[in-house]
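*Asks:* I am sharing target-v8.csv, which consists of CSV, C-alpha atoms:
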```csv
chain,number,residue,atom,x,y,z
A,11,MET,CA,92.2,118.2,94.0
A,12,ALA,CA,95.8,118.3,95.4
A,13,SER,CA,96.3,116.6,98.7
A,14,GLU,CA,97.8,119.6,100.3
A,15,SER,CA,94.6,121.6,99.7
A,16,LEU,CA,92.6,119.1,101.7
A,17,ARG,CA,93.8,120.2,105.1
A,18,GLY,CA,90.7,120.7,107.2
A,19,ALA,CA,88.4,118.8,104.8
A,20,GLY,CA,86.0,116.2,106.2
A,21,PHE,CA,86.7,112.5,106.4
A,22,ASN,CA,84.8,111.4,103.3
A,23,THR,CA,86.1,114.3,101.2
A,24,THR,CA,89.7,113.4,102.2
A,25,ALA,CA,89.0,109.7,101.5
A,26,VAL,CA,87.8,110.4,98.0
A,27,HIS,CA,90.5,112.9,97.0
A,28,ALA,CA,93.8,112.5,99.0
A,29,GLY,CA,96.4,110.9,96.9
A,30,GLN,CA,93.8,110.3,94.2
A,31,GLU,CA,94.3,113.2,91.8
A,32,PRO,CA,93.1,112.7,88.2
A,33,ASP,CA,95.6,111.4,85.7
A,34,PRO,CA,97.6,114.4,84.4
A,35,LEU,CA,98.0,112.9,81.0
A,36,THR,CA,94.4,112.0,80.1
A,37,GLY,CA,92.3,113.7,82.8
A,38,ALA,CA,90.9,110.4,83.9
A,39,VAL,CA,89.2,111.0,87.3
A,40,ILE,CA,90.4,107.6,88.6
A,41,PRO,CA,94.2,107.4,88.6
A,42,PRO,CA,95.4,104.5,86.4
A,43,ILE,CA,96.8,101.2,87.8
A,44,TYR,CA,100.5,101.3,87.1
A,45,GLN,CA,100.9,97.6,86.5
A,46,THR,CA,104.6,97.7,85.9
A,47,SER,CA,107.7,96.4,87.6
A,48,THR,CA,110.2,98.9,86.3
A,49,PHE,CA,110.4,102.4,84.8
A,50,LYS,CA,112.3,103.9,81.8
A,51,GLN,CA,115.1,106.2,82.8
A,52,ASP,CA,115.9,109.4,80.9
A,53,GLY,CA,119.6,108.8,81.6
A,54,ILE,CA,121.6,106.8,84.1
A,55,ASN,CA,119.8,107.3,87.4
A,56,VAL,CA,117.8,110.2,85.9
A,57,LEU,CA,114.3,109.1,87.1
A,58,ARG,CA,110.9,110.4,86.1
A,59,ALA,CA,109.1,111.5,89.2
A,60,GLY,CA,111.5,109.5,91.3
A,61,HIS,CA,110.3,106.1,90.0
A,62,GLU,CA,112.9,103.4,89.3
A,63,TYR,CA,111.5,100.0,90.3
A,64,SER,CA,108.1,99.1,91.8
A,65,ARG,CA,109.6,97.7,95.0
A,66,GLY,CA,110.9,101.2,95.7
A,67,SER,CA,107.9,103.2,94.5
A,68,ASN,CA,104.9,102.9,92.3
A,69,PRO,CA,102.4,105.7,91.6
A,70,THR,CA,99.4,103.5,92.5
A,71,ARG,CA,100.9,102.4,95.8
A,72,ASN,CA,102.1,105.9,96.6
A,73,GLY,CA,98.7,107.3,96.1
A,74,PHE,CA,97.1,104.8,98.4
A,75,GLU,CA,99.8,105.5,101.1
A,76,VAL,CA,99.1,109.2,100.9
A,77,GLN,CA,95.3,108.6,101.1
A,78,LEU,CA,95.6,106.4,104.2
A,79,ALA,CA,98.1,108.6,106.0
A,80,ALA,CA,95.8,111.6,105.5
A,81,LEU,CA,92.8,109.7,107.0
A,82,GLU,CA,94.9,108.5,110.0
A,83,HIS,CA,96.4,112.1,110.5
A,84,GLY,CA,99.8,110.5,110.1
A,85,ASP,CA,103.2,111.6,108.8
A,86,ALA,CA,103.5,108.9,106.2
A,87,GLY,CA,101.9,105.6,105.1
A,88,PHE,CA,103.5,102.4,103.9
A,89,ALA,CA,101.6,99.6,102.1
A,90,PHE,CA,102.6,95.9,102.4
A,91,ALA,CA,101.6,92.6,101.0
A,92,SER,CA,99.5,91.6,104.1
A,93,GLY,CA,98.8,92.8,107.6
A,94,LEU,CA,101.4,90.5,109.0
A,95,ALA,CA,103.9,91.7,106.5
A,96,ALA,CA,103.3,95.2,107.7
A,97,GLU,CA,103.7,94.2,111.4
A,98,ASP,CA,106.9,92.2,110.6
A,99,ALA,CA,108.4,95.2,108.8
A,100,LEU,CA,107.6,97.5,111.7
A,101,LEU,CA,109.1,95.1,114.2
A,102,ARG,CA,112.2,94.5,112.3
A,103,ALA,CA,112.7,98.2,111.5
A,104,LEU,CA,112.6,99.2,115.1
A,105,LEU,CA,113.7,96.4,117.3
A,106,ARG,CA,117.0,94.9,118.2
A,107,PRO,CA,118.0,91.6,120.0
A,108,GLY,CA,117.4,92.0,123.7
A,109,ASP,CA,114.4,94.3,123.2
A,110,HIS,CA,111.1,93.7,125.1
A,111,ILE,CA,107.5,94.2,124.0
A,112,VAL,CA,104.5,94.8,126.2
A,113,LEU,CA,101.7,93.0,124.2
A,114,GLY,CA,98.0,93.3,124.7
A,115,GLY,CA,96.8,89.9,125.9
A,116,ASP,CA,93.6,90.0,123.9
A,117,GLY,CA,94.4,90.4,120.2
A,118,TYR,CA,94.9,88.8,116.8
A,119,GLY,CA,96.5,85.4,117.2
A,120,GLY,CA,98.8,86.0,114.2
A,121,THR,CA,100.4,88.9,115.9
A,122,ASN,CA,101.1,86.8,119.0
A,123,ARG,CA,102.5,84.0,116.8
A,124,LEU,CA,104.8,86.5,114.9
A,125,ILE,CA,106.2,88.0,118.1
A,126,SER,CA,106.5,84.8,120.1
A,127,GLN,CA,107.5,82.2,117.5
A,128,LEU,CA,109.4,84.2,114.9
A,129,LEU,CA,111.0,87.1,116.9
A,130,GLY,CA,111.4,85.2,120.1
A,131,PRO,CA,114.3,83.0,118.8
A,132,TRP,CA,116.0,86.2,117.7
A,133,GLY,CA,116.1,87.6,121.2
A,134,VAL,CA,113.0,89.7,121.4
A,135,SER,CA,110.9,88.9,124.5
A,136,HIS,CA,107.4,90.0,125.4
A,137,THR,CA,104.9,90.1,128.2
A,138,ALA,CA,101.2,89.8,127.7
A,139,VAL,CA,99.0,92.1,129.8
A,140,ASP,CA,95.3,92.9,130.5
A,141,ILE,CA,94.7,95.8,128.1
A,142,THR,CA,92.2,97.4,130.5
A,143,SER,CA,94.5,97.6,133.5
A,144,SER,CA,96.9,100.6,133.7
A,145,ALA,CA,98.6,99.0,136.6
A,146,SER,CA,99.3,95.8,134.7
A,147,ILE,CA,100.7,97.7,131.7
A,148,ARG,CA,103.1,99.8,133.8
A,149,ALA,CA,104.2,96.8,135.9
A,150,ALA,CA,105.1,94.9,132.7
A,151,VAL,CA,107.4,97.6,131.4
A,152,ARG,CA,111.1,96.7,131.8
A,153,PRO,CA,113.2,99.9,132.2
A,154,GLY,CA,115.9,100.0,129.6
A,155,GLU,CA,114.5,97.0,127.7
A,156,THR,CA,111.0,97.7,126.7
A,157,ALA,CA,111.0,99.3,123.2
A,158,LEU,CA,107.4,98.8,122.1
A,159,LEU,CA,103.9,98.6,123.7
A,160,TRP,CA,101.5,96.9,121.3
A,161,LEU,CA,97.8,97.4,121.6
A,162,GLU,CA,94.7,96.3,119.7
A,163,THR,CA,91.5,98.1,120.6
A,164,PRO,CA,88.7,97.1,120.2
A,165,SER,CA,90.4,93.8,120.9
A,166,ASN,CA,90.0,90.6,118.9
A,167,PRO,CA,87.7,88.7,119.7
A,168,LEU,CA,86.7,89.8,123.2
A,169,LEU,CA,86.1,93.4,122.1
A,170,GLN,CA,87.7,94.9,125.2
A,171,ILE,CA,88.4,98.6,125.0
A,172,ALA,CA,91.8,100.1,126.1
A,173,ASP,CA,92.6,103.7,127.0
A,174,ILE,CA,95.0,104.6,124.1
A,175,ALA,CA,96.1,107.8,125.8
A,176,ALA,CA,97.0,105.9,129.0
A,177,TRP,CA,98.9,103.3,127.0
A,178,ALA,CA,100.8,106.1,125.2
A,179,ALA,CA,101.7,107.8,128.5
A,180,ALA,CA,103.1,104.5,129.8
A,181,ALA,CA,105.1,104.0,126.6
A,182,HIS,CA,106.6,107.4,126.5
A,183,ASP,CA,107.4,107.4,130.3
A,184,ALA,CA,109.5,104.3,129.5
A,185,GLY,CA,111.1,105.8,126.4
A,186,ALA,CA,109.2,103.4,124.3
A,187,LEU,CA,106.8,103.6,121.4
A,188,LEU,CA,103.1,102.7,121.3
A,189,VAL,CA,101.8,100.8,118.3
A,190,VAL,CA,98.0,100.5,117.8
A,191,ASP,CA,96.4,97.9,115.6
A,192,ASN,CA,93.4,100.0,114.3
A,193,THR,CA,92.0,97.3,112.0
A,194,PHE,CA,88.7,96.7,113.9
A,195,ALA,CA,87.9,100.4,114.2
A,196,SER,CA,89.4,101.8,111.0
A,197,PRO,CA,90.4,105.5,110.8
A,198,TYR,CA,86.7,106.4,110.3
A,199,LEU,CA,85.9,105.4,113.9
A,200,GLN,CA,89.2,106.0,115.7
A,201,ARG,CA,92.5,107.8,115.1
A,202,PRO,CA,95.1,106.5,117.6
A,203,LEU,CA,97.8,109.0,116.5
A,204,ASP,CA,95.6,111.8,117.7
A,205,LEU,CA,95.4,110.1,121.1
A,206,GLY,CA,99.2,109.8,121.5
A,207,ALA,CA,100.1,106.6,119.7
A,208,ASP,CA,103.3,106.6,117.6
A,209,LEU,CA,102.4,104.1,114.9
A,210,VAL,CA,99.2,102.5,113.5
A,211,VAL,CA,99.0,99.2,111.8
A,212,HIS,CA,96.2,97.8,109.6
A,213,SER,CA,95.2,94.7,107.9
A,214,THR,CA,93.9,96.5,104.8
A,215,THR,CA,92.3,93.2,103.8
A,216,LYS,CA,89.5,94.0,106.3
A,217,TYR,CA,87.5,97.2,106.5
A,218,ILE,CA,89.8,99.4,104.3
A,219,GLY,CA,89.5,97.0,101.3
A,220,GLY,CA,86.0,96.2,102.5
A,221,HIS,CA,85.0,93.7,99.8
A,222,SER,CA,87.0,90.6,100.7
A,223,ASP,CA,88.8,90.7,97.4
A,224,VAL,CA,92.2,92.1,98.4
A,225,LEU,CA,95.1,91.1,100.7
A,226,GLY,CA,97.2,93.8,102.2
A,227,GLY,CA,98.6,95.6,105.2
A,228,ALA,CA,99.8,99.1,106.1
A,229,VAL,CA,101.8,101.1,108.7
A,230,VAL,CA,101.1,104.7,109.3
A,231,THR,CA,103.8,106.7,111.2
A,232,SER,CA,103.8,109.8,113.3
A,233,ALA,CA,106.5,112.4,113.1
A,234,ARG,CA,108.3,111.0,116.2
A,235,SER,CA,111.9,109.7,116.1
A,236,PHE,CA,113.3,106.6,117.7
A,237,ARG,CA,116.9,105.6,118.2
A,238,GLY,CA,118.1,108.5,116.2
A,239,ARG,CA,115.9,108.0,113.1
A,240,GLY,CA,112.5,109.3,112.1
A,241,LEU,CA,109.8,106.6,112.2
A,242,SER,CA,108.9,107.3,108.5
A,243,GLU,CA,112.6,106.9,107.5
A,244,ALA,CA,112.9,103.6,109.4
A,245,ILE,CA,109.7,102.0,108.1
A,246,GLY,CA,110.3,103.3,104.6
A,247,TYR,CA,113.8,101.8,104.5
A,248,GLN,CA,112.5,98.5,105.8
A,249,GLN,CA,109.8,98.5,103.2
A,250,PHE,CA,112.4,99.1,100.4
A,251,ALA,CA,115.1,96.7,101.7
A,252,GLY,CA,112.7,94.0,102.9
A,253,GLY,CA,110.6,94.1,99.8
A,254,ALA,CA,107.2,92.9,101.2
A,255,VAL,CA,105.4,95.6,99.3
A,256,ALA,CA,101.8,95.6,98.2
A,257,GLY,CA,101.3,95.3,94.4
A,258,PRO,CA,99.6,98.0,92.3
A,259,GLN,CA,96.4,96.0,91.8
A,260,ASP,CA,96.0,95.4,95.5
A,261,CYS,CA,96.7,99.1,96.3
A,262,TYR,CA,94.1,100.1,93.7
A,263,LEU,CA,91.5,97.9,95.4
A,264,ALA,CA,92.4,99.2,98.8
A,265,ALA,CA,92.3,102.8,97.6
A,266,ARG,CA,88.9,102.2,96.1
A,267,GLY,CA,87.7,100.7,99.3
A,268,LEU,CA,88.9,103.7,101.3
A,269,LYS,CA,86.7,106.0,99.3
A,270,THR,CA,83.5,104.3,100.6
A,271,LEU,CA,84.8,103.5,104.1
A,272,GLY,CA,82.7,106.1,105.8
A,273,LEU,CA,79.5,105.0,104.1
A,274,ARG,CA,80.2,101.3,104.8
A,275,MET,CA,81.2,101.8,108.4
A,276,GLU,CA,77.9,103.7,109.2
A,277,ARG,CA,76.0,100.6,108.0
A,278,HIS,CA,78.3,98.1,109.7
A,279,CYS,CA,77.8,100.0,113.0
A,280,SER,CA,74.1,100.4,112.7
A,281,ASN,CA,73.6,96.7,111.8
A,282,ALA,CA,75.9,95.5,114.5
A,283,GLN,CA,74.2,97.7,117.2
A,284,ALA,CA,70.8,96.4,116.3
A,285,ILE,CA,71.9,92.8,116.2
A,286,ALA,CA,73.8,93.1,119.6
A,287,GLU,CA,70.7,94.5,121.2
A,288,TRP,CA,68.5,91.8,119.7
A,289,LEU,CA,70.8,89.0,120.7
A,290,LEU,CA,70.6,90.1,124.4
A,291,GLY,CA,67.1,88.7,124.6
A,292,GLN,CA,67.7,85.4,122.9
A,293,PRO,CA,67.6,82.1,124.9
A,294,GLY,CA,70.9,80.2,125.0
A,295,ILE,CA,73.1,83.3,124.9
A,296,GLU,CA,75.4,83.6,127.9
A,297,SER,CA,76.7,87.1,127.0
A,298,VAL,CA,76.9,89.5,124.1
A,299,LEU,CA,80.2,91.4,123.7
A,300,TYR,CA,79.8,94.7,121.9
A,301,PRO,CA,81.1,98.1,123.1
A,302,GLY,CA,77.9,99.8,121.9
A,303,LEU,CA,75.9,98.1,124.7
A,304,PRO,CA,75.6,100.3,127.8
A,305,GLU,CA,76.4,97.3,130.0
A,306,HIS,CA,79.7,96.7,128.2
A,307,PRO,CA,82.5,97.6,130.7
A,308,GLY,CA,84.3,99.7,128.0
A,309,HIS,CA,81.2,101.5,126.7
A,310,ALA,CA,82.0,104.9,128.2
A,311,LEU,CA,85.6,104.8,127.1
A,312,ALA,CA,84.7,103.7,123.6
A,313,ALA,CA,82.2,106.5,123.4
A,314,ARG,CA,84.9,109.0,124.2
A,315,GLN,CA,87.7,107.8,121.9
A,316,MET,CA,85.7,106.4,119.1
A,317,SER,CA,83.0,107.9,116.8
A,318,GLY,CA,81.1,104.6,116.6
A,319,PHE,CA,81.3,101.1,118.0
A,320,GLY,CA,82.2,99.0,115.0
A,321,GLY,CA,80.8,96.1,113.1
A,322,ILE,CA,82.1,93.2,115.2
A,323,VAL,CA,79.9,91.4,117.7
A,324,SER,CA,81.0,88.4,119.8
A,325,LEU,CA,78.7,86.1,121.7
A,326,ARG,CA,79.1,83.3,124.2
A,327,PHE,CA,76.7,80.4,124.6
A,328,THR,CA,75.2,78.8,127.8
A,329,GLY,CA,75.5,75.5,125.9
A,330,GLY,CA,79.3,75.7,125.7
A,331,ASP,CA,81.4,74.7,122.8
A,332,ALA,CA,78.9,72.3,121.3
A,333,ALA,CA,76.4,75.1,121.0
A,334,ALA,CA,78.9,77.6,119.6
A,335,ARG,CA,80.1,75.1,117.0
A,336,ALA,CA,76.6,74.2,116.0
A,337,PHE,CA,75.7,77.9,115.6
A,338,ALA,CA,78.8,78.6,113.5
A,339,GLU,CA,78.2,75.7,111.2
A,340,SER,CA,74.5,76.4,110.6
A,341,THR,CA,74.1,80.0,109.4
A,342,ARG,CA,74.1,80.7,105.6
A,343,LEU,CA,74.3,84.5,105.1
A,344,PHE,CA,76.8,84.6,107.9
A,345,ALA,CA,79.4,82.5,106.0
A,346,LEU,CA,81.8,80.4,108.2
A,347,SER,CA,85.2,82.0,107.5
A,348,VAL,CA,88.2,83.7,108.9
A,349,SER,CA,88.7,87.4,108.2
A,350,LEU,CA,86.2,90.2,108.7
A,351,GLY,CA,85.3,93.7,107.6
A,352,GLY,CA,83.8,92.9,104.2
A,353,VAL,CA,80.3,93.9,103.0
A,354,GLU,CA,79.2,90.3,103.5
A,355,SER,CA,78.5,88.9,107.0
A,356,LEU,CA,80.9,86.3,108.4
A,357,VAL,CA,80.9,84.0,111.4
A,358,CYS,CA,84.1,82.6,113.0
A,359,TYR,CA,84.8,80.0,115.7
A,360,CYS,CA,87.9,81.8,116.8
A,361,SER,CA,89.2,79.2,119.2
A,362,GLU,CA,90.1,76.8,116.3
A,363,MET,CA,90.3,79.3,113.4
A,364,THR,CA,91.9,82.7,113.9
A,365,HIS,CA,93.3,82.1,117.4
A,366,ALA,CA,94.4,78.4,117.1
A,367,SER,CA,98.0,79.5,117.7
A,368,VAL,CA,97.2,80.4,121.4
A,369,ARG,CA,95.1,77.4,122.2
A,370,GLY,CA,96.2,75.8,125.5
A,371,THR,CA,97.8,79.0,126.8
A,372,ALA,CA,96.6,81.8,129.1
A,373,LEU,CA,95.6,83.7,126.0
A,374,ALA,CA,93.3,81.1,124.7
A,375,VAL,CA,89.9,82.2,123.3
A,376,PRO,CA,86.9,80.8,125.1
A,377,THR,CA,85.5,77.7,123.3
A,378,ASP,CA,81.9,78.9,123.8
A,379,LEU,CA,82.5,82.1,121.8
A,380,VAL,CA,81.8,83.0,118.2
A,381,ARG,CA,82.6,86.2,116.4
A,382,LEU,CA,80.3,87.9,114.0
A,383,SER,CA,81.5,90.3,111.3
A,384,VAL,CA,78.2,92.0,110.6
A,385,GLY,CA,77.9,93.1,107.0
A,386,VAL,CA,75.8,95.6,105.2
A,387,GLU,CA,72.9,93.3,104.2
A,388,ASP,CA,69.3,94.0,105.2
A,389,LEU,CA,68.8,93.6,108.9
A,390,PRO,CA,65.6,91.4,108.8
A,391,ASP,CA,67.5,88.9,106.6
A,392,LEU,CA,70.5,88.8,109.0
A,393,ARG,CA,68.2,88.2,112.0
A,394,ALA,CA,66.4,85.4,110.2
A,395,ASP,CA,69.8,83.8,109.4
A,396,LEU,CA,70.9,84.2,113.0
A,397,ASN,CA,67.7,82.5,114.2
A,398,ILE,CA,68.7,79.4,112.2
A,399,GLY,CA,72.0,79.4,114.0
A,400,LEU,CA,70.4,80.0,117.4
A,401,ALA,CA,68.0,77.1,116.9
A,402,ALA,CA,70.9,74.8,116.0
A,403,ALA,CA,72.8,76.0,119.1
A,404,ARG,CA,69.9,75.2,121.4
A,405,ALA,CA,69.4,71.8,119.9
A,406,ALA,CA,73.1,71.0,120.4
A,407,ALA,CA,73.0,72.2,124.0
A,408,LEU,CA,70.0,69.9,124.7
A,409,ASN,CA,71.7,66.9,123.1
A,410,THR,CA,74.8,67.6,125.1
A,411,ALA,CA,72.8,67.8,128.3
A,412,ALA,CA,70.9,64.6,127.5
A,413,SER,CA,74.1,62.8,126.8
A,414,ALA,CA,75.5,64.0,130.2
A,415,VAL,CA,72.4,62.8,132.0
A,416,ALA,CA,72.6,59.4,130.3
A,417,ALA,CA,76.3,59.1,131.1
A,418,ALA,CA,75.6,60.0,134.7
A,419,GLY,CA,72.9,57.4,134.9
A,420,ALA,CA,75.1,54.7,133.4
A,421,ARG,CA,77.8,55.5,136.0
A,422,SER,CA,75.3,55.3,138.8
A,423,TRP,CA,73.9,51.9,137.6
A,424,LEU,CA,77.4,50.5,137.2
A,425,SER,CA,78.4,51.5,140.8
A,426,SER,CA,75.3,49.8,142.1
A,427,VAL,CA,75.9,46.3,140.6
```
Show me, as structure tokens, the structure contained in the file I just sent.

*Replies:*
Amino acid sequence: MASESLRGAGFNTTAVHAGQEPDPLTGAVIPPIYQTSTFKQDGINVLRAGHEYSRGSNPTRNGFEVQLAALEHGDAGFAFASGLAAEDALLRALLRPGDHIVLGGDGYGGTNRLISQLLGPWGVSHTAVDITSSASIRAAVRPGETALLWLETPSNPLLQIADIAAWAAAAHDAGALLVVDNTFASPYLQRPLDLGADLVVHSTTKYIGGHSDVLGGAVVTSARSFRGRGLSEAIGYQQFAGGAVAGPQDCYLAARGLKTLGLRMERHCSNAQAIAEWLLGQPGIESVLYPGLPEHPGHALAARQMSGFGGIVSLRFTGGDAAARAFAESTRLFALSVSLGGVESLVCYCSEMTHASVRGTALAVPTDLVRLSVGVEDLPDLRADLNIGLAAARAAALNTAASAVAAAGARSWLSSV
């Protein structure tokens, strides 16, 4: 089914068919993996279907890029070797020394590291802001200097919800662009370009791949222009000239993952909602962070701009970091690991794992927090596994409290002799 005939089709139909036409030679319903570095020319610079060298184009990668762009309602998609490679390509394609970025303060630690430690020495500055405060966003904009506003919503790992349309208005009023990291929501739950964003970035390693067996990233552009060039032209040239492209095998796996994204996200969301509600009543839990809970401060906004609340749940412990560590190291189905978005459940102690680069700064993640990437396993099994972690957390909290009492008693005795 040709991609142009899919206009108006539903999400799952588009996911299965866009950019994934059957092989014209054999009729194979799954397009082959073009595992090749170069292509035979019919004459000097006479190319078959425009393919010369796989850094510039590859049918497997091109099909995935069409597929993802269709789902994000974008102008074009570009696949990269990792999520950070995609972000780096976007930033280098659009920014110049002296430019300024307004950066959401709660977000992936790797993005902050890329902007502050790699681009900073090249003359690109940034200001971190509260993503939920329109006043803070606009106050951080520097007229004539701010080129990008960068937002992740839901945020990582505090699961704050930002008003994408309000961020877009602030960006466009300043003559800047809005970039939205849509990794947590995926295009199944949220389409930032429809809400005014100019570019979307993904770690396709996460929900798009969906099976923890592929590393990749992507940028999807709108039809907007910036500094005299179309965004698709700018990102496409950077992809070709910079060369951090995704390989055909990785693109095949990501494309396969996209075909079941809708089905998987429904299960991720239903499991996460049930677990978040169940955790609210458990002893030792200080707070449960999940936008699907009515008491979440961003619940109403998430309900308006998303079609579901996602598969990530974060929780904080009354027993502090000792309890959080014990919990993270005690579960079994919830494997202790970085990353997220796979069919299997994962637990992460973000302060020292995914967000170690911002420890000791104003952007540091609370040390009493763990992040759950809720998979598609059976709910009773997930609850049983979490009960093991909760018991370990309560035991660690009691040990910490007993140690504190003993230490206080020792200090009291020493002061009396």

*Asks:* Would you please work out which residue, of A:Ala372, A:Leu290, A:Leu188, A:Leu273, is nearest to A:Phe21 when using all atoms listed in the file?

*Replies:*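 The closest residue to A:Phe21 is A:Leu273.
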
*Asks:* Within 7 Å of stretch 216-224 of chain A, counting all atoms listed in the file, which residues qualify if same-chain residues fewer than 4 places away don't, as a list in words?

*Replies:*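 Here the answer would be Ser196, Asp260, Leu263, Ala264, Gly267, Leu268, Leu271, Ser349, Leu350, Gly351, Gly352 and Val353 of chain A.
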
*Asks:* Within 10 Å of A:Glu287, counting only C-alpha atoms, which residues show up once you throw out same-chain ones fewer than 2 positions away? Write them as a list of chain:residue names, please.

*Replies:*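 In the requested form, the answer reads A:Ala282, A:Gln283, A:Ala284, A:Ile285, A:Leu289, A:Leu290, A:Gly291, A:Gln292, A:Val298, A:Tyr300, A:Gly302, A:Leu303.
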
*Asks:* Rounded to one decimal in Å, what is the spacing between atom CA of A:Val375 and atom CA of A:Ala312?

*Replies:*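 That distance, rounded to one decimal, is 22.1 Å.
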
*Asks:* Excluding same-chain residues fewer than 5 positions from A:Ser280, what lies within 9 Å of it counting all atoms listed in the file, as JSON, numbers by chain?

*Replies:* {"A": [275, 285, 319, 320, 321]}

*Asks:* Could you check how far atom CA of A:Thr215 sits from atom CA of A:Gln248, in Å to one decimal?

*Replies:*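 Atom-to-atom, atom CA of A:Thr215 to atom CA of A:Gln248, that is 21.0 Å.
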
*Asks:* Would you kindly return, as a list in words, each protein, DNA or RNA residue with an atom no farther than 9 Å from any atom of A:Arg65, considering all atoms listed in the file and excluding same-chain residues fewer than 6 positions away?

*Replies:*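 My list of contacting residues is Ser47, Thr48, Gln249, Phe250, Ala251, Gly253, Ala254, Val255, Ala256 and Gly257 of chain A.
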
*Asks:* Would you mind reading off the distance between atom CA of A:Arg342 and atom CA of A:Cys360, one decimal, in Å?

*Replies:*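 If I compute the distance from atom CA of A:Arg342 to atom CA of A:Cys360, I get 17.8 Å.
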
*Asks:* Counting all atoms listed in the file, what is within 7 Å of stretch 72-77 of chain A, bar same-chain residues fewer than 4 positions away, as a PyMOL selection string?

*Replies:* chain A and resi 25+28-30+67-68+81+86-89+261+265

*Asks:* Would you mind exporting the chosen residues as an mmCIF file, in the coordinates of the input, restricted to C-alpha atoms?

*Replies:*
```cif
data_model
loop_
_atom_site.group_PDB
_atom_site.id
_atom_site.type_symbol
_atom_site.label_atom_id
_atom_site.label_comp_id
_atom_site.auth_asym_id
_atom_site.auth_seq_id
_atom_site.Cartn_x
_atom_site.Cartn_y
_atom_site.Cartn_z
ATOM 1 C CA ALA A 25 89.000 109.700 101.500
ATOM 2 C CA ALA A 28 93.800 112.500 99.000
ATOM 3 C CA GLY A 29 96.400 110.900 96.900
ATOM 4 C CA GLN A 30 93.800 110.300 94.200
ATOM 5 C CA SER A 67 107.900 103.200 94.500
ATOM 6 C CA ASN A 68 104.900 102.900 92.300
ATOM 7 C CA LEU A 81 92.800 109.700 107.000
ATOM 8 C CA ALA A 86 103.500 108.900 106.200
ATOM 9 C CA GLY A 87 101.900 105.600 105.100
ATOM 10 C CA PHE A 88 103.500 102.400 103.900
ATOM 11 C CA ALA A 89 101.600 99.600 102.100
ATOM 12 C CA CYS A 261 96.700 99.100 96.300
ATOM 13 C CA ALA A 265 92.300 102.800 97.600
#
```

*Asks:* Using all atoms listed in the file for the distances, tell me which of A:Thr341, A:Thr371, A:Thr23, A:Thr410 is nearest to A:Gly115.

*Replies:* A:Thr371
